[in-house]
Amino acid sequence: MKAKRIVVKVGSSSLTDEQGRLSEEKMRQLADQIAVLQLEQECRVILVSSGAVAAGLGKLGWPRPNITMPEKQAAAAVGQGLLLEQYQKLFAQRGITVAQLLLTRSDIEDRKRFIHIRNTSETLLRNGILPIVNENDTVTVEEIRFGDNDTLGSLVALVTEAELLILLTDIDGLYTANPKSNPDARRIPDVWEITPELEAAAGGNGSVMGTGGMRTKLMAARIATESGIDVVVASSREPEVLQRIAEGESLGTRFHANPRFSGKKSWLAHGPRPEGRIIIDQGAVRALTERAGSLLVPGITAVEGEFQEGAIVEIAAPAGQVIGKGAVSFSDRDLQLLIERRQTGERLRHYHEVIHRDAMVIYSREGIPYAQHRK
Ligand SMILES: Nc1ncnc2c1ncn2[C@@H]1O[C@H](COP(=O)(O)OP(=O)(O)O)[C@@H](O)[C@H]1O
Ligand SMILES: N[C@@H](CCC(=O)OP(=O)(O)O)C(=O)O
């Protein structure tokens, strides 16, 4: 199937020259390709672009090594304007209007903000406008940082319900080891499962300009493939790389989507921050993990945290192990009331679901190991 909605993430190394300044030539080639996708191949494209820090440092003439976080943020604030100015000019020449979206992790985790981001990007896409996304570096501190634009790219792909995420970088795919330090390294054309061996192979650092190297690309690939989205890591230097990948040509490394996951379920697993926790009894654990049932009032033993109906909460087994996550149909207060009414003997078996099966992800059952989930 040809992908019609594509997130293209481009790394700093693919946008800058050797001195770390924005390379007009590299950006022009990128704009040419996105214009072909959008105008001739009827694709809707979302561009996740790094390069703000690199562009800012280049403009200010600040040296890259030993730079402090506020200096980096200041550089990003200078560079983001330059980056957008350049994109705006290049895409206007090709008849495309661009829009800027600056996001943080907490924007994506928050239910209301998530919906606003989705509605805004949907409106832009339907009007043929190209959303250009970057991390909002000014406001990000450790706990709300994506930390790298590869992860941001994968979450943007989830939010916009893209079919394909293309990570453009300075190397033509994932290798068995970092080829810059290991001449025997071989390119891996297809990945069906992200194994610990693969993660070890991708452990090395990135380029001078970039952050994270292949490690962050693997993390992004995991999030996207668990949402049913294919991911391709490819070289930005390859001619017509975007069109060729969109048409299904085998270039770089393709991480194949896991067909077991729907976007909605994966969104639950990777996106929202839980606002509370529901502890359930052993019978309910079995109903959820073995029989794929919904969570009903009789299985609940305790409720922790304050939340409104519709909030995302964790589901924990009696010993406290978090087994899943879901959108809850009642506030914490109403749930407490229902538990009390049940304890006084009221039969609540047919009361409607506390967490419906379709609004729930059970980690082990859906194949997502517990360890990958942030608490
Ligand atoms: N196993 C590997 N296969 C390919 N590249 C690797 C591997 N391990 C580390 N790398 C490094 O990752 C770099 C790309 O990551 P990075 O510099 O962060 O790019 P970007 O700025 O595009 O995000 C490559 O230049 C390469 O040196
Ligand atoms: N927000 C930062 C992006 C940081 C980042 O992830 O860079 P890269 O590894 O080059 O994709 C910037 O615009 O410079």
# chains A, B, ... in the order shown; residues from 1 in each chain; ligands from 1
$ select_by_dssp --residues "stretch 79-243 of chain A" --states "strand (DSSP E)" --output "list in words"
Val98, Ala99, Gln100, Leu101, Leu102, Leu103, Leu130, Pro131, Ile132, Val133, Asn134, Glu135, Leu164, Leu165, Ile166, Leu167, Leu168, Thr169, Asp190, Val191, Asp230, Val231, Val232, Val233, Ala234 and Ser235 of chain A
$ select_by_dssp --residues "stretch 3-120 of chain A" --states "alpha helix (DSSP H)" --output "PyMOL selection string"
chain A and resi 24-35+52-60+69-92+105-109+111-120
$ atom_distance --atom1 "atom CA of A:Arg105" --atom2 "atom CA of A:Ile117"
12.1 Å
$ closest_atom_pairs --of "chain A" --to "ligand 1" --cutoff "10 Å" --atoms "only C-alpha atoms and all ligand atoms" --output "tab-separated table"
residue	atom	partner	partner_atom_place_in_ligand_line	distance
A:Lys9	CA	ligand 1	22 (O)	8.4
A:Val10	CA	ligand 1	22 (O)	6.2
A:Gly11	CA	ligand 1	22 (O)	3.4
A:Ser12	CA	ligand 1	21 (O)	4.4
A:Ser13	CA	ligand 1	21 (O)	4.5
A:Ser14	CA	ligand 1	22 (O)	6.1
A:Leu15	CA	ligand 1	21 (O)	8.7
A:Thr16	CA	ligand 1	21 (O)	9.6
A:Ser49	CA	ligand 1	23 (O)	9.8
A:Ser50	CA	ligand 1	21 (O)	7.6
A:Gly51	CA	ligand 1	21 (O)	8.3
A:Asp148	CA	ligand 1	23 (O)	7.9
A:Asn149	CA	ligand 1	23 (O)	7.3
A:Asp150	CA	ligand 1	23 (O)	6.8
A:Leu167	CA	ligand 1	22 (O)	7.4
A:Leu168	CA	ligand 1	22 (O)	6.0
A:Thr169	CA	ligand 1	22 (O)	3.5
A:Asp170	CA	ligand 1	25 (O)	5.4
A:Ile171	CA	ligand 1	25 (O)	5.4
A:Asp172	CA	ligand 1	4 (C)	7.6
A:Gly173	CA	ligand 1	4 (C)	5.8
A:Leu174	CA	ligand 1	3 (N)	3.9
A:Tyr175	CA	ligand 1	3 (N)	3.6
A:Thr176	CA	ligand 1	1 (N)	5.2
A:Ala177	CA	ligand 1	1 (N)	3.9
A:Asn178	CA	ligand 1	7 (C)	3.6
A:Pro179	CA	ligand 1	4 (C)	6.2
A:Lys180	CA	ligand 1	27 (O)	5.5
A:Ser181	CA	ligand 1	27 (O)	8.0
A:Asn182	CA	ligand 1	1 (N)	9.3
A:Ala185	CA	ligand 1	1 (N)	7.8
A:Arg186	CA	ligand 1	3 (N)	8.4
A:Arg187	CA	ligand 1	3 (N)	7.3
A:Ile188	CA	ligand 1	3 (N)	8.6
A:Leu198	CA	ligand 1	1 (N)	8.0
A:Glu199	CA	ligand 1	1 (N)	8.4
A:Ala200	CA	ligand 1	1 (N)	8.2
A:Ala201	CA	ligand 1	1 (N)	4.8
A:Ala202	CA	ligand 1	1 (N)	4.0
A:Gly203	CA	ligand 1	8 (N)	5.7
A:Gly204	CA	ligand 1	9 (C)	4.2
A:Asn205	CA	ligand 1	9 (C)	5.3
A:Gly206	CA	ligand 1	17 (O)	3.5
A:Ser207	CA	ligand 1	17 (O)	3.4
A:Val208	CA	ligand 1	17 (O)	6.4
A:Met209	CA	ligand 1	21 (O)	6.0
A:Gly210	CA	ligand 1	21 (O)	3.3
A:Thr211	CA	ligand 1	18 (O)	4.0
A:Gly212	CA	ligand 1	18 (O)	4.5
A:Gly213	CA	ligand 1	15 (O)	3.1
A:Met214	CA	ligand 1	12 (O)	4.7
A:Arg215	CA	ligand 1	8 (N)	7.1
A:Thr216	CA	ligand 1	18 (O)	7.5
A:Lys217	CA	ligand 1	23 (O)	7.6
A:Leu218	CA	ligand 1	1 (N)	9.9
A:Val233	CA	ligand 1	22 (O)	9.3
A:Ala234	CA	ligand 1	22 (O)	9.3
A:Ser235	CA	ligand 1	22 (O)	8.6
A:Ser236	CA	ligand 1	22 (O)	8.6
A:Thr253	CA	ligand 1	4 (C)	9.7
$ residues_around --residues "stretch 54-65 of chain A" --least-positions-apart "4" --cutoff "8 Å" --atoms "only C-alpha atoms" --output "list of chain:residue names"
A:Ser12, A:Thr16, A:Gln19, A:Gly20, A:Arg21, A:Leu22, A:Lys72, A:Ala74, A:Ala75, A:Ala76, A:Ala77, A:Val78, A:Gly79, A:Gln80, A:Leu82, A:Leu83, A:Met209
